[in-house]
$ cat data-v1.cif   # mmCIF, C-alpha atoms
data_my_file
#
loop_
_atom_site.group_PDB
_atom_site.id
_atom_site.type_symbol
_atom_site.label_atom_id
_atom_site.label_comp_id
_atom_site.auth_asym_id
_atom_site.auth_seq_id
_atom_site.Cartn_x
_atom_site.Cartn_y
_atom_site.Cartn_z
ATOM 1 C CA MET A 434 30.008 -55.263 12.205
ATOM 2 C CA CYS A 435 27.830 -53.975 14.993
ATOM 3 C CA SER A 436 25.459 -51.043 14.758
ATOM 4 C CA SER A 437 23.291 -49.249 17.248
ATOM 5 C CA ASP A 438 20.707 -46.499 16.915
ATOM 6 C CA LEU A 439 21.498 -44.185 19.783
ATOM 7 C CA ALA A 440 19.202 -41.288 18.907
ATOM 8 C CA SER A 441 15.561 -40.870 17.980
ATOM 9 C CA GLY A 442 13.250 -37.886 17.543
ATOM 10 C CA LEU A 443 16.064 -35.501 16.652
ATOM 11 C CA GLY A 444 15.341 -32.352 14.649
ATOM 12 C CA ILE A 445 16.837 -28.971 13.976
ATOM 13 C CA SER A 446 15.601 -25.408 14.177
ATOM 14 C CA THR A 447 17.597 -22.878 12.207
ATOM 15 C CA SER A 448 17.757 -19.114 12.129
ATOM 16 C CA GLY A 449 16.894 -18.968 8.440
ATOM 17 C CA ASP A 450 16.252 -20.734 5.156
ATOM 18 C CA GLY A 451 19.204 -22.458 3.483
ATOM 19 C CA VAL A 452 21.390 -22.650 6.597
ATOM 20 C CA THR A 453 24.019 -25.384 6.254
ATOM 21 C CA PHE A 454 25.226 -27.540 9.112
ATOM 22 C CA ALA A 455 26.659 -30.934 10.002
ATOM 23 C CA LEU A 456 25.949 -33.266 12.902
ATOM 24 C CA ARG A 457 28.780 -34.717 14.915
ATOM 25 C CA ALA A 458 28.570 -37.755 17.171
ATOM 26 C CA SER A 459 31.134 -38.561 19.795
ATOM 27 C CA ALA A 460 31.477 -41.185 22.499
ATOM 28 C CA THR A 461 34.259 -42.086 24.899
ATOM 29 C CA GLY A 462 36.662 -44.543 23.364
ATOM 30 C CA LEU A 463 35.263 -44.209 19.833
ATOM 31 C CA ALA A 464 36.287 -42.064 16.878
ATOM 32 C CA ASP A 465 33.970 -39.119 16.216
ATOM 33 C CA ALA A 466 31.604 -39.290 13.258
ATOM 34 C CA THR A 467 30.348 -36.305 11.229
ATOM 35 C CA THR A 468 27.543 -36.209 8.688
ATOM 36 C CA SER A 469 27.989 -34.673 5.297
ATOM 37 C CA THR A 470 26.904 -31.024 5.036
ATOM 38 C CA LEU A 471 23.144 -30.700 5.396
ATOM 39 C CA THR A 472 20.935 -27.761 4.389
ATOM 40 C CA ALA A 473 17.848 -26.754 6.374
ATOM 41 C CA ASP A 474 14.818 -25.838 4.272
ATOM 42 C CA ILE A 475 12.075 -23.522 5.504
ATOM 43 C CA VAL A 476 8.759 -24.214 3.811
ATOM 44 C CA ALA A 477 6.213 -21.399 3.944
ATOM 45 C CA THR A 478 2.727 -22.184 5.202
ATOM 46 C CA LYS A 479 1.238 -18.709 5.488
ATOM 47 C CA ILE A 480 1.425 -15.065 4.429
ATOM 48 C CA ALA A 481 2.496 -12.263 6.765
ATOM 49 C CA PHE A 482 2.212 -8.487 6.286
ATOM 50 C CA THR A 483 5.643 -7.086 7.153
ATOM 51 C CA THR A 484 4.822 -3.528 6.042
ATOM 52 C CA GLN A 485 1.331 -2.055 6.304
ATOM 53 C CA PRO A 486 0.154 0.565 3.781
ATOM 54 C CA SER A 487 0.232 4.097 5.174
ATOM 55 C CA ASP A 488 0.551 7.776 4.360
ATOM 56 C CA PRO A 489 1.679 10.465 6.832
ATOM 57 C CA ALA A 490 -0.559 12.973 4.982
ATOM 58 C CA ALA A 491 -3.652 11.087 6.234
ATOM 59 C CA SER A 492 -4.438 13.140 9.325
ATOM 60 C CA ASN A 493 -7.638 11.213 10.112
ATOM 61 C CA GLY A 494 -6.776 7.773 8.813
ATOM 62 C CA SER A 495 -4.126 5.384 7.538
ATOM 63 C CA VAL A 496 -4.057 6.350 3.847
ATOM 64 C CA VAL A 497 -5.303 9.242 1.716
ATOM 65 C CA SER A 498 -8.251 8.329 -0.499
ATOM 66 C CA GLY A 499 -7.373 8.477 -4.204
ATOM 67 C CA ARG A 500 -3.640 8.936 -3.612
ATOM 68 C CA VAL A 501 -0.937 6.292 -4.101
ATOM 69 C CA PHE A 502 0.055 4.888 -0.695
ATOM 70 C CA ALA A 503 3.215 6.635 0.534
ATOM 71 C CA VAL A 504 4.240 3.316 2.105
ATOM 72 C CA GLN A 505 3.253 0.306 -0.019
ATOM 73 C CA PRO A 506 2.369 -3.102 1.476
ATOM 74 C CA VAL A 507 5.108 -5.738 1.717
ATOM 75 C CA LEU A 508 4.390 -9.412 2.408
ATOM 76 C CA GLU A 509 6.510 -12.422 3.330
ATOM 77 C CA ALA A 510 5.833 -16.131 2.876
ATOM 78 C CA VAL A 511 6.677 -17.648 6.267
ATOM 79 C CA ASN A 512 6.485 -20.881 8.250
ATOM 80 C CA GLU A 513 4.660 -21.223 11.575
ATOM 81 C CA SER A 514 7.687 -19.738 13.386
ATOM 82 C CA GLY A 515 7.633 -16.636 11.184
ATOM 83 C CA GLN A 516 10.765 -17.568 9.211
ATOM 84 C CA LYS A 517 10.814 -16.542 5.542
ATOM 85 C CA ASP A 518 10.902 -19.169 2.775
ATOM 86 C CA LEU A 519 13.698 -17.875 0.514
ATOM 87 C CA HIS A 520 12.940 -20.486 -2.147
ATOM 88 C CA LEU A 521 9.417 -19.249 -2.933
ATOM 89 C CA SER A 522 9.566 -17.294 -6.210
ATOM 90 C CA ASN A 523 7.515 -16.732 -9.368
ATOM 91 C CA VAL A 524 4.219 -17.630 -7.685
ATOM 92 C CA PRO A 525 1.470 -14.961 -7.724
ATOM 93 C CA VAL A 526 0.195 -13.252 -4.607
ATOM 94 C CA THR A 527 -2.907 -11.043 -4.763
ATOM 95 C CA LEU A 528 -4.336 -8.296 -2.579
ATOM 96 C CA ALA A 529 -8.068 -7.592 -2.379
ATOM 97 C CA VAL A 530 -9.964 -4.974 -0.404
ATOM 98 C CA GLN A 531 -12.446 -6.033 2.269
ATOM 99 C CA SER A 532 -15.003 -3.202 2.089
ATOM 100 C CA ASP A 533 -17.856 -2.126 -0.166
ATOM 101 C CA ALA A 534 -16.915 1.537 0.427
ATOM 102 C CA ILE A 535 -13.375 1.183 -0.994
ATOM 103 C CA ALA A 536 -11.969 0.472 -4.442
ATOM 104 C CA LEU A 537 -8.389 -0.817 -4.578
ATOM 105 C CA LEU A 538 -6.602 0.823 -7.517
ATOM 106 C CA GLY A 539 -3.366 -0.246 -9.195
ATOM 107 C CA THR A 540 -1.818 -3.644 -9.863
ATOM 108 C CA ALA A 541 -2.964 -5.842 -6.986
ATOM 109 C CA THR A 542 -1.089 -8.993 -8.078
ATOM 110 C CA THR A 543 2.654 -9.528 -8.023
ATOM 111 C CA ASN A 544 4.983 -12.537 -7.725
ATOM 112 C CA TRP A 545 6.934 -13.786 -4.757
ATOM 113 C CA VAL A 546 10.677 -13.104 -5.083
ATOM 114 C CA SER A 547 12.723 -15.079 -2.560
ATOM 115 C CA GLY A 548 9.719 -15.250 -0.225
ATOM 116 C CA ARG A 549 8.983 -11.524 -0.412
ATOM 117 C CA ALA A 550 6.247 -9.624 -2.286
ATOM 118 C CA ALA A 551 6.534 -5.843 -2.551
ATOM 119 C CA PHE A 552 3.665 -3.936 -4.129
ATOM 120 C CA ALA A 553 3.945 -0.597 -5.925
ATOM 121 C CA GLY A 554 1.488 2.044 -7.111
ATOM 122 C CA LEU A 555 -1.505 0.876 -5.038
ATOM 123 C CA SER A 556 -4.130 3.305 -3.760
ATOM 124 C CA ALA A 557 -7.598 3.151 -2.235
ATOM 125 C CA SER A 558 -10.513 5.282 -3.335
ATOM 126 C CA ALA A 559 -13.256 5.764 -0.748
ATOM 127 C CA THR A 560 -16.916 6.649 -1.271
ATOM 128 C CA GLY A 561 -16.883 8.613 1.993
ATOM 129 C CA ASP A 562 -14.458 10.046 4.523
ATOM 130 C CA ALA A 563 -13.041 7.768 7.224
ATOM 131 C CA ALA A 564 -14.063 4.578 5.403
ATOM 132 C CA PRO A 565 -12.638 1.537 7.244
ATOM 133 C CA PHE A 566 -11.163 -1.391 5.321
ATOM 134 C CA THR A 567 -8.610 -4.185 5.371
ATOM 135 C CA LEU A 568 -6.525 -5.759 2.644
ATOM 136 C CA SER A 569 -6.577 -9.527 2.251
ATOM 137 C CA ALA A 570 -3.562 -11.336 0.742
ATOM 138 C CA THR A 571 -3.908 -14.715 -0.963
ATOM 139 C CA SER A 572 -1.474 -17.065 -2.713
ATOM 140 C CA ALA A 573 -1.850 -20.700 -3.751
ATOM 141 C CA GLY A 574 -0.943 -23.167 -1.005
ATOM 142 C CA LEU A 575 -0.539 -20.544 1.730
ATOM 143 C CA ILE A 576 -2.851 -19.454 4.529
ATOM 144 C CA SER A 577 -4.164 -15.986 3.645
ATOM 145 C CA ALA A 578 -3.493 -12.906 5.764
ATOM 146 C CA ASP A 579 -5.296 -9.646 6.472
ATOM 147 C CA SER A 580 -3.694 -6.256 6.985
ATOM 148 C CA ASN A 581 -4.270 -4.206 10.090
ATOM 149 C CA ALA A 582 -7.512 -2.220 10.156
ATOM 150 C CA LEU A 583 -7.059 0.732 7.792
ATOM 151 C CA VAL A 584 -8.979 3.986 7.302
ATOM 152 C CA ALA A 585 -9.191 5.984 4.065
ATOM 153 C CA ASP A 586 -8.990 9.710 4.811
ATOM 154 C CA ILE A 587 -10.464 12.093 2.250
ATOM 155 C CA VAL A 588 -8.170 15.121 2.261
ATOM 156 C CA ALA A 589 -9.734 18.234 0.732
ATOM 157 C CA THR A 590 -7.735 19.931 -2.022
ATOM 158 C CA GLN A 591 -10.407 22.243 -3.468
ATOM 159 C CA MET A 592 -13.499 24.283 -2.645
ATOM 160 C CA VAL A 593 -16.603 23.652 -4.777
ATOM 161 C CA PHE A 594 -19.918 25.509 -4.966
ATOM 162 C CA THR A 595 -22.538 22.768 -4.845
ATOM 163 C CA THR A 596 -25.435 25.242 -4.871
ATOM 164 C CA GLN A 597 -25.236 28.570 -6.713
ATOM 165 C CA PRO A 598 -26.855 31.689 -5.188
ATOM 166 C CA ALA A 599 -30.081 32.607 -6.981
ATOM 167 C CA HIS A 600 -33.377 34.472 -6.988
ATOM 168 C CA GLY A 601 -36.473 33.116 -8.666
ATOM 169 C CA GLY A 602 -38.489 35.127 -11.134
ATOM 170 C CA LEU A 603 -35.765 37.433 -12.422
ATOM 171 C CA ALA A 604 -35.926 37.942 -16.175
ATOM 172 C CA THR A 605 -32.291 38.627 -16.988
ATOM 173 C CA ASP A 606 -30.008 38.182 -13.984
ATOM 174 C CA ASP A 607 -29.274 35.511 -11.378
ATOM 175 C CA VAL A 608 -29.644 37.530 -8.161
ATOM 176 C CA LEU A 609 -31.448 40.670 -6.981
ATOM 177 C CA SER A 610 -29.215 43.537 -5.893
ATOM 178 C CA GLY A 611 -29.672 44.689 -2.301
ATOM 179 C CA ALA A 612 -31.675 41.646 -1.126
ATOM 180 C CA PRO A 613 -30.664 38.359 0.536
ATOM 181 C CA PHE A 614 -30.361 35.497 -1.940
ATOM 182 C CA GLN A 615 -33.502 33.358 -2.099
ATOM 183 C CA THR A 616 -31.275 30.323 -2.657
ATOM 184 C CA GLN A 617 -28.201 30.519 -0.462
ATOM 185 C CA PRO A 618 -24.887 29.185 -1.790
ATOM 186 C CA THR A 619 -23.503 25.899 -0.491
ATOM 187 C CA ILE A 620 -19.755 25.236 -0.504
ATOM 188 C CA GLN A 621 -17.992 21.931 0.114
ATOM 189 C CA ALA A 622 -14.350 21.080 0.605
ATOM 190 C CA ARG A 623 -13.558 18.096 -1.638
ATOM 191 C CA ASP A 624 -10.648 16.001 -2.769
ATOM 192 C CA ALA A 625 -9.483 15.831 -6.391
ATOM 193 C CA ASP A 626 -11.697 12.786 -7.137
ATOM 194 C CA GLU A 627 -14.914 14.756 -6.708
#

$ encode --input "data-v1.cif" --output "structure tokens"
Amino acid sequence: MCSSDLASGLGISTSGDGVTFALRASATGLADATTSTLTADIVATKIAFTTQPSDPAASNGSVVSGRVFAVQPVLEAVNESGQKDLHLSNVPVTLAVQSDAIALLGTATTNWVSGRAAFAGLSASATGDAAPFTLSATSAGLISADSNALVADIVATQMVFTTQPAHGGLATDDVLSGAPFQTQPTIQARDADE
């Protein structure tokens, strides 16, 4: 019996996780040889945002403050080439907000399912209009990822008197007929959270 190692440094790059293949060797004057069926495994190393949170009703931002995101964030567990690890399941992935001016509301932890994590019911509540923020995704054993830069738009849904008109020194009524108010009214447009 004679053997010879004719190849070294071989590897394979597949189009996706779980792809099956076989290697075949051929040489002039020799019978071909084929390996048994092999399966390529993609092992995730990092998190990628595949869908960013958004809301078309946010005219001056990415999302509407205090309202559930119209488009919820979706993540994938991927390798360095961006290929999804279909075998990653039942491992938690968590989103956190990167801003003191924003509170992330809803369930911010879900599990990977076949390398994908889809969130539902998330919203961001801002302390002021046009508050910038990012979401940070973390999961054990994977490099974390940040969303694109986001902006929380406060969309007014109501008018509110913040200062009532008044006159000082009146015994029974709030204002004096026929005279300008001593205290002028102030009105603000606010969202439902205020």

$ resolve_selection --input "data-v1.cif" --expression "the PyMOL selection byres ((chain A and resi 484) around 8)" --output "JSON, numbers by chain"
{"A": [482, 483, 485, 486, 504, 505, 506, 507, 508]}

$ closest_residue --input "data-v1.cif" --among "A:Ile576, A:Ala458, A:Ala510, A:Leu538" --to "Ala551 (chain A)" --atoms "all atoms listed in the file"
A:Ala510

$ closest_residue --input "data-v1.cif" --among "A:Lys479, A:Val608, A:Asp579, A:Asp586" --to "Gly515 (chain A)" --atoms "only C-alpha atoms"
A:Lys479

$ closest_residue --input "data-v1.cif" --among "A:Ala477, A:Ala536, A:Val530, A:Ala599" --to "Ala570 (chain A)" --atoms "only C-alpha atoms"
A:Val530

$ atom_distance --input "data-v1.cif" --atom1 "CA of Ser572 (chain A)" --atom2 "CA of Leu537 (chain A)"
17.8 Å

$ residues_near_point --input "data-v1.cif" --point "(-5.9, 7.5, 2.9)" --cutoff "8 Å" --atoms "all atoms listed in the file" --output "number ranges by chain"
A: 487-488, 490-491, 494-500, 502, 557, 584-588

$ write_last_selection --input "data-v1.cif" --atoms "C-alpha atoms" --output "mmCIF file, keeping the file's coordinate frame"
data_model
loop_
_atom_site.group_PDB
_atom_site.id
_atom_site.type_symbol
_atom_site.label_atom_id
_atom_site.label_comp_id
_atom_site.auth_asym_id
_atom_site.auth_seq_id
_atom_site.Cartn_x
_atom_site.Cartn_y
_atom_site.Cartn_z
ATOM 1 C CA SER A 487 0.232 4.097 5.174
ATOM 2 C CA ASP A 488 0.551 7.776 4.360
ATOM 3 C CA ALA A 490 -0.559 12.973 4.982
ATOM 4 C CA ALA A 491 -3.652 11.087 6.234
ATOM 5 C CA GLY A 494 -6.776 7.773 8.813
ATOM 6 C CA SER A 495 -4.126 5.384 7.538
ATOM 7 C CA VAL A 496 -4.057 6.350 3.847
ATOM 8 C CA VAL A 497 -5.303 9.242 1.716
ATOM 9 C CA SER A 498 -8.251 8.329 -0.499
ATOM 10 C CA GLY A 499 -7.373 8.477 -4.204
ATOM 11 C CA ARG A 500 -3.640 8.936 -3.612
ATOM 12 C CA PHE A 502 0.055 4.888 -0.695
ATOM 13 C CA ALA A 557 -7.598 3.151 -2.235
ATOM 14 C CA VAL A 584 -8.979 3.986 7.302
ATOM 15 C CA ALA A 585 -9.191 5.984 4.065
ATOM 16 C CA ASP A 586 -8.990 9.710 4.811
ATOM 17 C CA ILE A 587 -10.464 12.093 2.250
ATOM 18 C CA VAL A 588 -8.170 15.121 2.261
#

$ resolve_selection --input "data-v1.cif" --expression "the PyMOL selection byres ((chain A and resi 614) around 12)" --output "NGL selection string"
:A and (596-601 or 603 or 607-613 or 615-619)

$ decode --input "data-v1.cif" --residues "region 553-573 of chain A" --atoms "N, CA and C atoms" --output "PDB file, in the first residue's frame"
ATOM      1  N   ALA A 553     -40.662  42.646  19.463  1.00  0.00           N
ATOM      2  CA  ALA A 553     -42.034  43.108  19.268  1.00  0.00           C
ATOM      3  C   ALA A 553     -42.424  44.012  20.430  1.00  0.00           C
ATOM      4  N   GLY A 554     -43.231  45.021  20.157  1.00  0.00           N
ATOM      5  CA  GLY A 554     -43.789  45.868  21.197  1.00  0.00           C
ATOM      6  C   GLY A 554     -42.836  46.863  21.825  1.00  0.00           C
ATOM      7  N   LEU A 555     -41.664  47.092  21.241  1.00  0.00           N
ATOM      8  CA  LEU A 555     -40.710  48.052  21.812  1.00  0.00           C
ATOM      9  C   LEU A 555     -41.084  49.481  21.429  1.00  0.00           C
ATOM     10  N   SER A 556     -40.799  50.406  22.334  1.00  0.00           N
ATOM     11  CA  SER A 556     -40.952  51.833  22.063  1.00  0.00           C
ATOM     12  C   SER A 556     -39.888  52.586  22.837  1.00  0.00           C
ATOM     13  N   ALA A 557     -39.724  53.858  22.499  1.00  0.00           N
ATOM     14  CA  ALA A 557     -38.767  54.721  23.187  1.00  0.00           C
ATOM     15  C   ALA A 557     -39.501  55.968  23.647  1.00  0.00           C
ATOM     16  N   SER A 558     -39.312  56.312  24.899  1.00  0.00           N
ATOM     17  CA  SER A 558     -39.917  57.517  25.447  1.00  0.00           C
ATOM     18  C   SER A 558     -38.812  58.534  25.708  1.00  0.00           C
ATOM     19  N   ALA A 559     -38.968  59.717  25.109  1.00  0.00           N
ATOM     20  CA  ALA A 559     -37.931  60.749  25.192  1.00  0.00           C
ATOM     21  C   ALA A 559     -38.315  61.823  26.199  1.00  0.00           C
ATOM     22  N   THR A 560     -37.301  62.425  26.832  1.00  0.00           N
ATOM     23  CA  THR A 560     -37.548  63.535  27.750  1.00  0.00           C
ATOM     24  C   THR A 560     -37.658  64.857  27.006  1.00  0.00           C
ATOM     25  N   GLY A 561     -37.263  64.874  25.741  1.00  0.00           N
ATOM     26  CA  GLY A 561     -37.365  66.077  24.919  1.00  0.00           C
ATOM     27  C   GLY A 561     -37.414  65.705  23.455  1.00  0.00           C
ATOM     28  N   ASP A 562     -37.902  66.628  22.640  1.00  0.00           N
ATOM     29  CA  ASP A 562     -38.031  66.375  21.204  1.00  0.00           C
ATOM     30  C   ASP A 562     -36.660  66.244  20.554  1.00  0.00           C
ATOM     31  N   ALA A 563     -36.592  65.397  19.554  1.00  0.00           N
ATOM     32  CA  ALA A 563     -35.384  65.173  18.747  1.00  0.00           C
ATOM     33  C   ALA A 563     -34.231  64.617  19.575  1.00  0.00           C
ATOM     34  N   ALA A 564     -34.543  63.770  20.549  1.00  0.00           N
ATOM     35  CA  ALA A 564     -33.506  63.162  21.386  1.00  0.00           C
ATOM     36  C   ALA A 564     -32.798  62.058  20.606  1.00  0.00           C
ATOM     37  N   PRO A 565     -31.463  62.165  20.440  1.00  0.00           N
ATOM     38  CA  PRO A 565     -30.724  61.132  19.714  1.00  0.00           C
ATOM     39  C   PRO A 565     -30.414  59.937  20.623  1.00  0.00           C
ATOM     40  N   PHE A 566     -30.376  58.748  20.015  1.00  0.00           N
ATOM     41  CA  PHE A 566     -30.014  57.551  20.776  1.00  0.00           C
ATOM     42  C   PHE A 566     -29.623  56.436  19.824  1.00  0.00           C
ATOM     43  N   THR A 567     -29.023  55.393  20.382  1.00  0.00           N
ATOM     44  CA  THR A 567     -28.771  54.156  19.659  1.00  0.00           C
ATOM     45  C   THR A 567     -29.211  53.005  20.546  1.00  0.00           C
ATOM     46  N   LEU A 568     -29.470  51.870  19.926  1.00  0.00           N
ATOM     47  CA  LEU A 568     -29.749  50.647  20.656  1.00  0.00           C
ATOM     48  C   LEU A 568     -28.510  49.774  20.583  1.00  0.00           C
ATOM     49  N   SER A 569     -28.176  49.127  21.681  1.00  0.00           N
ATOM     50  CA  SER A 569     -27.034  48.232  21.730  1.00  0.00           C
ATOM     51  C   SER A 569     -27.543  46.819  21.990  1.00  0.00           C
ATOM     52  N   ALA A 570     -27.116  45.864  21.157  1.00  0.00           N
ATOM     53  CA  ALA A 570     -27.534  44.465  21.276  1.00  0.00           C
ATOM     54  C   ALA A 570     -26.388  43.638  21.832  1.00  0.00           C
ATOM     55  N   THR A 571     -26.701  42.813  22.846  1.00  0.00           N
ATOM     56  CA  THR A 571     -25.697  41.932  23.434  1.00  0.00           C
ATOM     57  C   THR A 571     -26.253  40.524  23.579  1.00  0.00           C
ATOM     58  N   SER A 572     -25.357  39.541  23.449  1.00  0.00           N
ATOM     59  CA  SER A 572     -25.694  38.129  23.638  1.00  0.00           C
ATOM     60  C   SER A 572     -24.403  37.399  23.976  1.00  0.00           C
ATOM     61  N   ALA A 573     -24.485  36.457  24.895  1.00  0.00           N
ATOM     62  CA  ALA A 573     -23.301  35.741  25.372  1.00  0.00           C
ATOM     63  C   ALA A 573     -22.504  35.135  24.215  1.00  0.00           C
TER      64      ALA A 573
END
